[in-house]
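Student: Please read through the structure below; I'll follow up with questions.
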Amino acid sequence: MQKRFVSIWFRHLLTDWFTRRRPELRDVPFVFAAPERGRMIIKAVNPVAAANGIHIGMVVADSRAILPEVQVFNSQQGKDITLLSALAEWCIRYTPIVAIDPPDGLILDVSGCAHLWGGERPYLRDMVTRLSAFGYQVRPGMADTVGCAWAIARFGRLKLIVDAGGQVEALQHLPPVALRLENGIAEKLEKLGLTEIGSFMNMPRAALRRRFGENLLLRLDQALGQGIEYVQPIKPIESYQERLPSLEPIKTAPGIEHALRTLMEKLCKRLSTEEKGLRKAVFKCYRIDGNIQAIDIGTARPSRNVAHLLKLFEIKICQIKPALGIELFVLEAPVVELLSSSQEAIWNFSYNREMEIAELLDRIAVKVGMNTIHRYLPDEHHWPERSYKLATSLQEEATTTWRDDLPRPVHLLPNPELIEVTVAMPDYPPMLFKYKGNLHRVQKADGPERIEQEWWIEQGLYRDYYCIEDDKGERYWLFRLGHYQHAEPKWFIHGFFA
């Protein structure tokens with residue numbers, strides 16, 4: 001596939017953003033400035049100030065001498081990166097590979113994407129139109145290389161789209177700074193009369209390296225397509241992702257459901273060929289107003305059952321607000337696991353209920369919340385609150401067995417809670433105890449069962465546990481921390497029996 005890149009240059013990124021927040025400044029000259037070596041230096045200018053001769057790098061005092069009415073605001077450090085990151089995420093609707101190009105640009109790898117918009121020209125026009133509608137002055141460039149696209153966006157005179165293989169012709173009349181060179185190298189080239197890239201493009205490489213350094217050759221090769229340049233996307237591309245753009249904005253629930261079904265069938269088909277199943281899926285809807293609507297699901301075990309996965313999404317699909325319409329649908333599977341065809345075939349038999357249980361749990365979890373259903377396994381610890389662990393899946397097996405030689409409550413508090421007790425004699429169970437304002441009279445008691453602290457984990461006192469039944473027939477698991485001979489011990493409630 002022929003590589004194609006788009007460079008988007010935001011000519012007045014920070015000031016355009018500020019004007020969006022304060023529209024009354026649209027026709028007012030203003031700048032952003034920051035202290036530098038004891039002087040206030042201009043870091044960004046709006047179009048009105050630029051038209052009056054004020055530029056970046058100028059001292060604020062000098063700008064006021066040129067234009068006394070210019071307004072000065074404090075520059076916000078790092079704001080350009082924040083804005084570019086947000087704009088890059090918005091541009092994912094055009095391609096999954098979008099990178100920021102500080103301080104004022106984006107780089108998009110659009111290989112194989114333009115045909116979805118009817119060609120490169122309408123594709124580029126759509127980007128510019130939408131970004132301009134947001135209030136940003138942008139200038140794009142499209143070419144086979146990042147370097148050539150960057151140069152055309154900032155220095156191109158006539159064509160913004162360079163034909164495939166047309167880098168040499170597009171670059172030869174541009175100034176050296178269009179190669180993204182350091183100011184010192186660009187100035188040195190211009191002093192020697194090399195004011196266009198074409199004037200030194202075909203010079204011997206050894207001479208250029210000796211006079212101007214390796215970086216000039218690197219940038220030249222990257223712009224001409226003779227050197228490799230990698231694009232680091234703002235968001236790593238999910239290995240398992242399907243995209244479905246829409247020619248017309250989708251506003252209805254049936255349209256959204258149809259898009260989801262189409263993407264799910266494509267994704268599950270791909271997973272089937274690789275003998276994998278998803279454990280988590282995210283469905284994203286990119287609206288034309290820039291908002292991104294997203295819903296996600298999780299499964300108890302790997303699955304590529306389209307019908308089951310769609311049922312999980314159906315419960316949440318009402319949360320999607322299409323507003324003015326959705327123009328791009330993306331389905332991602334960030335978590336996948338192995339799922340062989342033989343396993344899937346076994347699960348389809350009616351006598352094997354394991355898959356049905358997993359799918360039932362998935363449907364319940366989507367309704368009540370992913371974090372409300374848990375599976376626990378026994379763990380090798382004496383301390384009660386450490387004697388179990390959370391299972392990561394239905395397939396995880398226990399490394400030990402549940403203890404059943406002594407009574408244990410069905411509901412164990414994650415942290416014991418302090419209670420007030422009345423005890424007849426030391427080493428006796430309590431006669432009364434008060435828990436959450438309620439007084440309980442003890443009718444029956446069994447114990448004590450002493451459980452020592454695990455010294456290799458934590459130092460502390462032992463516990464003496466009692467099984468208690470009150471006058472209402474309710475049973476509790478209480479313990480005394482320590483012994484009366486050391487000090488007045490504290491009593492805690494730790495669990496409830498059925």
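In the structure tokens, the first chain shown is A, the next is B, and so on; residue numbers restart at 1 for each chain, and ligands run from 1 in the order shown.
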List every residue of region 371-424 of chain A that DSSP, applied to the backbone, labels as strand (DSSP E or B), and write the result as a PyMOL selection string.
Tutor: chain A and resi 376-378+388-390+411-423
Student: Can you tell me, as a PyMOL selection string, what residues are no more than 8 Å from region 465-467 of chain A when counting only C-alpha atoms, ignoring any on the same chain fewer than 5 positions away?
Tutor: chain A and resi 429+445-451+475-480
Student: Give me a file of those residues, with N, CA and C atoms, as a PDB file, in the first residue's frame.
Tutor:
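See result-v8.pdb below for the written result:
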ATOM      1  N   PRO A 429     -16.857 -15.728  77.167  1.00  0.00           N
ATOM      2  CA  PRO A 429     -17.502 -14.966  76.085  1.00  0.00           C
ATOM      3  C   PRO A 429     -18.329 -13.833  76.667  1.00  0.00           C
ATOM      4  N   ALA A 445     -22.872 -19.484  73.309  1.00  0.00           N
ATOM      5  CA  ALA A 445     -21.539 -19.119  72.837  1.00  0.00           C
ATOM      6  C   ALA A 445     -20.686 -20.368  72.736  1.00  0.00           C
ATOM      7  N   ASP A 446     -19.797 -20.369  71.759  1.00  0.00           N
ATOM      8  CA  ASP A 446     -18.879 -21.488  71.566  1.00  0.00           C
ATOM      9  C   ASP A 446     -17.497 -20.906  71.293  1.00  0.00           C
ATOM     10  N   GLY A 447     -16.501 -21.428  71.988  1.00  0.00           N
ATOM     11  CA  GLY A 447     -15.145 -20.923  71.800  1.00  0.00           C
ATOM     12  C   GLY A 447     -14.369 -20.951  73.106  1.00  0.00           C
ATOM     13  N   PRO A 448     -13.187 -20.410  73.127  1.00  0.00           N
ATOM     14  CA  PRO A 448     -12.565 -19.635  72.039  1.00  0.00           C
ATOM     15  C   PRO A 448     -11.764 -20.493  71.060  1.00  0.00           C
ATOM     16  N   GLU A 449     -11.594 -19.978  69.829  1.00  0.00           N
ATOM     17  CA  GLU A 449     -10.676 -20.530  68.836  1.00  0.00           C
ATOM     18  C   GLU A 449      -9.575 -19.492  68.645  1.00  0.00           C
ATOM     19  N   ARG A 450      -8.378 -19.855  69.049  1.00  0.00           N
ATOM     20  CA  ARG A 450      -7.269 -18.893  68.976  1.00  0.00           C
ATOM     21  C   ARG A 450      -6.614 -18.944  67.592  1.00  0.00           C
ATOM     22  N   ILE A 451      -6.454 -17.757  66.980  1.00  0.00           N
ATOM     23  CA  ILE A 451      -5.759 -17.627  65.699  1.00  0.00           C
ATOM     24  C   ILE A 451      -4.614 -16.650  65.885  1.00  0.00           C
ATOM     25  N   ARG A 475     -26.717 -15.204  64.686  1.00  0.00           N
ATOM     26  CA  ARG A 475     -25.391 -15.678  65.099  1.00  0.00           C
ATOM     27  C   ARG A 475     -24.282 -14.800  64.506  1.00  0.00           C
ATOM     28  N   TYR A 476     -23.244 -14.580  65.305  1.00  0.00           N
ATOM     29  CA  TYR A 476     -22.157 -13.675  64.942  1.00  0.00           C
ATOM     30  C   TYR A 476     -20.811 -14.331  65.244  1.00  0.00           C
ATOM     31  N   TRP A 477     -19.779 -13.808  64.607  1.00  0.00           N
ATOM     32  CA  TRP A 477     -18.397 -14.259  64.849  1.00  0.00           C
ATOM     33  C   TRP A 477     -17.648 -13.086  65.467  1.00  0.00           C
ATOM     34  N   LEU A 478     -17.350 -13.197  66.771  1.00  0.00           N
ATOM     35  CA  LEU A 478     -16.661 -12.132  67.499  1.00  0.00           C
ATOM     36  C   LEU A 478     -15.272 -12.605  67.904  1.00  0.00           C
ATOM     37  N   PHE A 479     -14.385 -11.646  68.164  1.00  0.00           N
ATOM     38  CA  PHE A 479     -13.084 -12.033  68.697  1.00  0.00           C
ATOM     39  C   PHE A 479     -12.564 -10.965  69.647  1.00  0.00           C
ATOM     40  N   ARG A 480     -11.748 -11.448  70.569  1.00  0.00           N
ATOM     41  CA  ARG A 480     -11.050 -10.573  71.503  1.00  0.00           C
ATOM     42  C   ARG A 480      -9.603 -10.478  71.050  1.00  0.00           C
TER      43      ARG A 480
END
Student: Extract, using only C-alpha atoms, all DNA, RNA and protein residues at most 7 Å from Asn74 (chain A), discarding same-chain residues fewer than 4 positions from it, and format them as an mmCIF file with N, CA and C atoms, in the first residue's frame.
Tutor:
data_model
loop_
_atom_site.group_PDB
_atom_site.id
_atom_site.type_symbol
_atom_site.label_atom_id
_atom_site.label_comp_id
_atom_site.auth_asym_id
_atom_site.auth_seq_id
_atom_site.Cartn_x
_atom_site.Cartn_y
_atom_site.Cartn_z
ATOM 1 N N PHE A 32 0.260 36.113 23.865
ATOM 2 C CA PHE A 32 0.651 35.397 25.082
ATOM 3 C C PHE A 32 2.145 35.624 25.277
ATOM 4 N N ALA A 33 2.531 35.895 26.507
ATOM 5 C CA ALA A 33 3.943 36.172 26.794
ATOM 6 C C ALA A 33 4.375 35.465 28.065
ATOM 7 N N ALA A 34 5.688 35.200 28.161
ATOM 8 C CA ALA A 34 6.255 34.539 29.332
ATOM 9 C C ALA A 34 7.603 35.176 29.642
#
Student: Do you know which residues are at most 9 Å from region 270-286 of chain A counting only C-alpha atoms, after dropping those on the same chain fewer than 2 positions away, and could you put them as an mmCIF file with N, CA and C atoms, in the first residue's frame?
Tutor:
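So the final result, stored in selection-v1.cif, reads:
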data_model
loop_
_atom_site.group_PDB
_atom_site.id
_atom_site.type_symbol
_atom_site.label_atom_id
_atom_site.label_comp_id
_atom_site.auth_asym_id
_atom_site.auth_seq_id
_atom_site.Cartn_x
_atom_site.Cartn_y
_atom_site.Cartn_z
ATOM 1 N N TRP A 90 -9.461 13.817 18.473
ATOM 2 C CA TRP A 90 -10.608 14.113 17.623
ATOM 3 C C TRP A 90 -10.354 13.631 16.188
ATOM 4 N N ILE A 92 -8.893 11.090 15.160
ATOM 5 C CA ILE A 92 -8.909 9.636 14.991
ATOM 6 C C ILE A 92 -10.067 9.206 14.098
ATOM 7 N N ARG A 93 -11.078 10.061 13.951
ATOM 8 C CA ARG A 93 -12.185 9.742 13.044
ATOM 9 C C ARG A 93 -11.703 9.626 11.607
ATOM 10 N N TYR A 240 -6.744 -5.494 17.948
ATOM 11 C CA TYR A 240 -8.024 -5.983 17.431
ATOM 12 C C TYR A 240 -9.010 -4.815 17.416
ATOM 13 N N ILE A 256 -27.356 2.605 14.746
ATOM 14 C CA ILE A 256 -26.235 2.304 15.647
ATOM 15 C C ILE A 256 -26.108 0.797 15.854
ATOM 16 N N LEU A 260 -22.967 -1.655 14.940
ATOM 17 C CA LEU A 260 -22.349 -2.511 15.952
ATOM 18 C C LEU A 260 -22.332 -3.968 15.492
ATOM 19 N N GLU A 265 -19.389 -8.732 13.808
ATOM 20 C CA GLU A 265 -19.222 -9.888 12.930
ATOM 21 C C GLU A 265 -17.827 -9.905 12.321
ATOM 22 N N LYS A 266 -17.330 -8.737 11.903
ATOM 23 C CA LYS A 266 -15.989 -8.665 11.330
ATOM 24 C C LYS A 266 -14.926 -8.998 12.364
ATOM 25 N N LEU A 267 -15.097 -8.456 13.579
ATOM 26 C CA LEU A 267 -14.107 -8.698 14.631
ATOM 27 C C LEU A 267 -14.087 -10.169 15.042
ATOM 28 N N CYS A 268 -15.260 -10.762 15.235
ATOM 29 C CA CYS A 268 -15.320 -12.165 15.663
ATOM 30 C C CYS A 268 -14.803 -13.103 14.570
ATOM 31 N N ILE A 288 -20.377 14.171 15.001
ATOM 32 C CA ILE A 288 -19.890 15.249 14.133
ATOM 33 C C ILE A 288 -19.571 16.515 14.915
ATOM 34 N N ASP A 289 -20.042 16.623 16.165
ATOM 35 C CA ASP A 289 -19.731 17.808 16.964
ATOM 36 C C ASP A 289 -18.444 17.645 17.772
ATOM 37 N N GLY A 290 -17.707 16.543 17.532
ATOM 38 C CA GLY A 290 -16.437 16.326 18.214
ATOM 39 C C GLY A 290 -16.528 15.466 19.454
ATOM 40 N N ASN A 291 -17.732 15.200 19.932
ATOM 41 C CA ASN A 291 -17.912 14.382 21.132
ATOM 42 C C ASN A 291 -17.744 12.901 20.795
ATOM 43 N N ILE A 292 -17.206 12.139 21.742
ATOM 44 C CA ILE A 292 -17.012 10.699 21.558
ATOM 45 C C ILE A 292 -17.854 9.960 22.586
ATOM 46 N N GLN A 293 -18.807 9.171 22.142
ATOM 47 C CA GLN A 293 -19.634 8.338 23.002
ATOM 48 C C GLN A 293 -19.036 6.933 23.033
ATOM 49 N N ALA A 294 -18.928 6.340 24.228
ATOM 50 C CA ALA A 294 -18.299 5.023 24.347
ATOM 51 C C ALA A 294 -19.024 4.169 25.367
ATOM 52 N N ILE A 295 -19.182 2.898 25.071
ATOM 53 C CA ILE A 295 -19.695 1.909 26.009
ATOM 54 C C ILE A 295 -18.787 0.688 25.937
ATOM 55 N N ASP A 296 -18.704 -0.060 27.020
ATOM 56 C CA ASP A 296 -17.842 -1.237 27.028
ATOM 57 C C ASP A 296 -18.513 -2.402 27.727
ATOM 58 N N ILE A 297 -18.031 -3.595 27.457
ATOM 59 C CA ILE A 297 -18.517 -4.812 28.093
ATOM 60 C C ILE A 297 -17.319 -5.666 28.477
ATOM 61 N N GLY A 298 -17.553 -6.619 29.365
ATOM 62 C CA GLY A 298 -16.545 -7.598 29.737
ATOM 63 C C GLY A 298 -17.179 -8.963 29.820
ATOM 64 N N THR A 299 -16.386 -9.998 29.636
ATOM 65 C CA THR A 299 -16.886 -11.368 29.692
ATOM 66 C C THR A 299 -16.116 -12.166 30.731
ATOM 67 N N ALA A 300 -16.778 -13.183 31.274
ATOM 68 C CA ALA A 300 -16.148 -14.005 32.299
ATOM 69 C C ALA A 300 -15.091 -14.930 31.707
ATOM 70 N N ARG A 301 -15.229 -15.244 30.429
ATOM 71 C CA ARG A 301 -14.261 -16.095 29.761
ATOM 72 C C ARG A 301 -14.172 -15.659 28.304
ATOM 73 N N PRO A 302 -13.139 -16.060 27.568
ATOM 74 C CA PRO A 302 -13.023 -15.632 26.166
ATOM 75 C C PRO A 302 -14.253 -16.024 25.357
ATOM 76 N N SER A 303 -14.691 -15.111 24.494
ATOM 77 C CA SER A 303 -15.884 -15.377 23.686
ATOM 78 C C SER A 303 -15.755 -14.696 22.330
ATOM 79 N N ARG A 304 -16.285 -15.377 21.309
ATOM 80 C CA ARG A 304 -16.479 -14.767 20.000
ATOM 81 C C ARG A 304 -17.870 -15.128 19.473
ATOM 82 N N ASN A 305 -18.773 -15.322 20.417
ATOM 83 C CA ASN A 305 -20.169 -15.590 20.112
ATOM 84 C C ASN A 305 -20.850 -14.259 19.816
ATOM 85 N N LEU A 309 -22.429 -11.496 22.570
ATOM 86 C CA LEU A 309 -21.763 -10.207 22.761
ATOM 87 C C LEU A 309 -22.689 -9.047 22.410
ATOM 88 N N PHE A 313 -24.111 -5.735 24.732
ATOM 89 C CA PHE A 313 -24.101 -4.343 24.302
ATOM 90 C C PHE A 313 -25.507 -3.750 24.249
ATOM 91 N N ILE A 320 -25.899 5.709 24.500
ATOM 92 C CA ILE A 320 -25.273 6.480 23.428
ATOM 93 C C ILE A 320 -26.211 7.594 22.986
ATOM 94 N N PRO A 322 -26.690 10.196 20.147
ATOM 95 C CA PRO A 322 -26.162 10.553 18.828
ATOM 96 C C PRO A 322 -26.168 12.044 18.528
ATOM 97 N N GLY A 325 -25.586 13.531 15.088
ATOM 98 C CA GLY A 325 -25.249 12.399 14.239
ATOM 99 C C GLY A 325 -23.867 11.841 14.504
ATOM 100 N N ILE A 326 -23.674 10.566 14.188
ATOM 101 C CA ILE A 326 -22.403 9.860 14.373
ATOM 102 C C ILE A 326 -21.827 9.569 13.001
ATOM 103 N N GLU A 327 -20.536 9.894 12.830
ATOM 104 C CA GLU A 327 -19.905 9.725 11.522
ATOM 105 C C GLU A 327 -18.883 8.602 11.477
ATOM 106 N N LEU A 328 -18.500 8.063 12.632
ATOM 107 C CA LEU A 328 -17.526 6.975 12.651
ATOM 108 C C LEU A 328 -17.815 6.060 13.833
ATOM 109 N N PHE A 329 -17.792 4.739 13.579
ATOM 110 C CA PHE A 329 -17.963 3.732 14.627
ATOM 111 C C PHE A 329 -16.673 2.922 14.712
ATOM 112 N N VAL A 330 -16.217 2.686 15.934
ATOM 113 C CA VAL A 330 -15.000 1.906 16.168
ATOM 114 C C VAL A 330 -15.281 0.856 17.240
ATOM 115 N N LEU A 331 -14.930 -0.385 16.965
ATOM 116 C CA LEU A 331 -15.061 -1.470 17.936
ATOM 117 C C LEU A 331 -13.669 -2.016 18.230
ATOM 118 N N GLU A 332 -13.287 -1.992 19.500
ATOM 119 C CA GLU A 332 -11.958 -2.445 19.921
ATOM 120 C C GLU A 332 -12.087 -3.596 20.898
ATOM 121 N N ALA A 333 -11.116 -4.498 20.860
ATOM 122 C CA ALA A 333 -11.022 -5.587 21.838
ATOM 123 C C ALA A 333 -9.657 -5.482 22.511
ATOM 124 N N PRO A 334 -9.542 -4.671 23.575
ATOM 125 C CA PRO A 334 -8.232 -4.476 24.212
ATOM 126 C C PRO A 334 -7.723 -5.697 24.962
ATOM 127 N N VAL A 335 -8.623 -6.619 25.329
ATOM 128 C CA VAL A 335 -8.208 -7.823 26.061
ATOM 129 C C VAL A 335 -8.743 -9.045 25.318
ATOM 130 N N VAL A 336 -7.845 -9.873 24.821
ATOM 131 C CA VAL A 336 -8.225 -11.117 24.157
ATOM 132 C C VAL A 336 -7.408 -12.259 24.749
ATOM 133 N N GLU A 337 -7.963 -13.467 24.648
ATOM 134 C CA GLU A 337 -7.278 -14.662 25.137
ATOM 135 C C GLU A 337 -7.477 -15.785 24.130
ATOM 136 N N LEU A 338 -6.665 -16.815 24.254
ATOM 137 C CA LEU A 338 -6.755 -17.955 23.355
ATOM 138 C C LEU A 338 -8.099 -18.663 23.532
ATOM 139 N N LEU A 339 -8.694 -19.068 22.422
ATOM 140 C CA LEU A 339 -9.955 -19.815 22.425
ATOM 141 C C LEU A 339 -9.947 -20.695 21.185
ATOM 142 N N SER A 340 -9.566 -21.947 21.361
ATOM 143 C CA SER A 340 -9.435 -22.843 20.211
ATOM 144 C C SER A 340 -10.799 -23.269 19.701
ATOM 145 N N SER A 341 -10.836 -23.732 18.472
ATOM 146 C CA SER A 341 -12.091 -24.182 17.862
ATOM 147 C C SER A 341 -12.642 -25.398 18.580
#
Student: Counting only C-alpha atoms, which of A:Ala170, A:Asp163, A:Gln222, A:Leu13 gets nearest to Phe134 (chain A)?
Tutor: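 Distance minimum relative to Phe134 (chain A) lands on A:Leu13.
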Student: Taking the backbone alone, and naming residues the way the document does, which bits of region 153-372 of chain A are helix (DSSP H, G or I) by DSSP, as a PyMOL selection string?
Tutor: chain A and resi 153-155+167-171+176-179+183-191+197-199+205-212+214-224+253-273+306-319+341-347+354-368
Student: Can you list, as a PyMOL selection string, every protein, DNA or RNA residue that comes within 10 Å of Asn52 (chain A) when you count only C-alpha atoms, leaving out same-chain residues fewer than 2 positions away?
Tutor: chain A and resi 29+47-50+54-55+63+66-67+70
Student: His440 (chain A): which residues within 8 Å, counting only C-alpha atoms, same-chain residues fewer than 3 positions away excluded, as a ChimeraX atom specification?
Tutor: /A:432-435,470-471
Student: Save out the residues we just selected, N, CA and C atoms, as a JSON list (two decimals), in the first residue's frame.
Tutor:
[["chain", "number", "residue", "atom", "x", "y", "z"],
["A", 432, "LEU", "N", -23.19, -9.44, 76.90],
["A", 432, "LEU", "CA", -23.85, -8.44, 76.07],
["A", 432, "LEU", "C", -22.83, -7.85, 75.11],
["A", 433, "PHE", "N", -23.29, -7.41, 73.96],
["A", 433, "PHE", "CA", -22.43, -6.62, 73.09],
["A", 433, "PHE", "C", -23.29, -5.64, 72.31],
["A", 434, "LYS", "N", -22.69, -4.49, 72.01],
["A", 434, "LYS", "CA", -23.39, -3.40, 71.32],
["A", 434, "LYS", "C", -22.73, -3.17, 69.98],
["A", 435, "TYR", "N", -23.55, -3.27, 68.92],
["A", 435, "TYR", "CA", -23.03, -3.13, 67.56],
["A", 435, "TYR", "C", -23.96, -2.21, 66.78],
["A", 470, "ASP", "N", -27.51, -14.59, 69.73],
["A", 470, "ASP", "CA", -28.19, -13.67, 70.63],
["A", 470, "ASP", "C", -29.62, -14.11, 70.88],
["A", 471, "ASP", "N", -30.37, -13.29, 71.61],
["A", 471, "ASP", "CA", -31.73, -13.66, 72.01],
["A", 471, "ASP", "C", -32.71, -13.67, 70.85]]
Student: Find the spatial neighbours of Val60 (chain A), counting only C-alpha atoms, within a cut-off of 9 Å - ignore same-chain residues fewer than 5 positions away - and output them as a list in words.
Tutor: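 Returned residues: Val31, Ala33, Arg39, Met40, Ile41, Ile42, Ala65 and Val72 of chain A.
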Student: Provide the CA of Ala164 (chain A) to CA of Gln2 (chain A) distance in Å, to one decimal place.
Tutor: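 CA of Ala164 (chain A) sits 8.1 Å away from CA of Gln2 (chain A).
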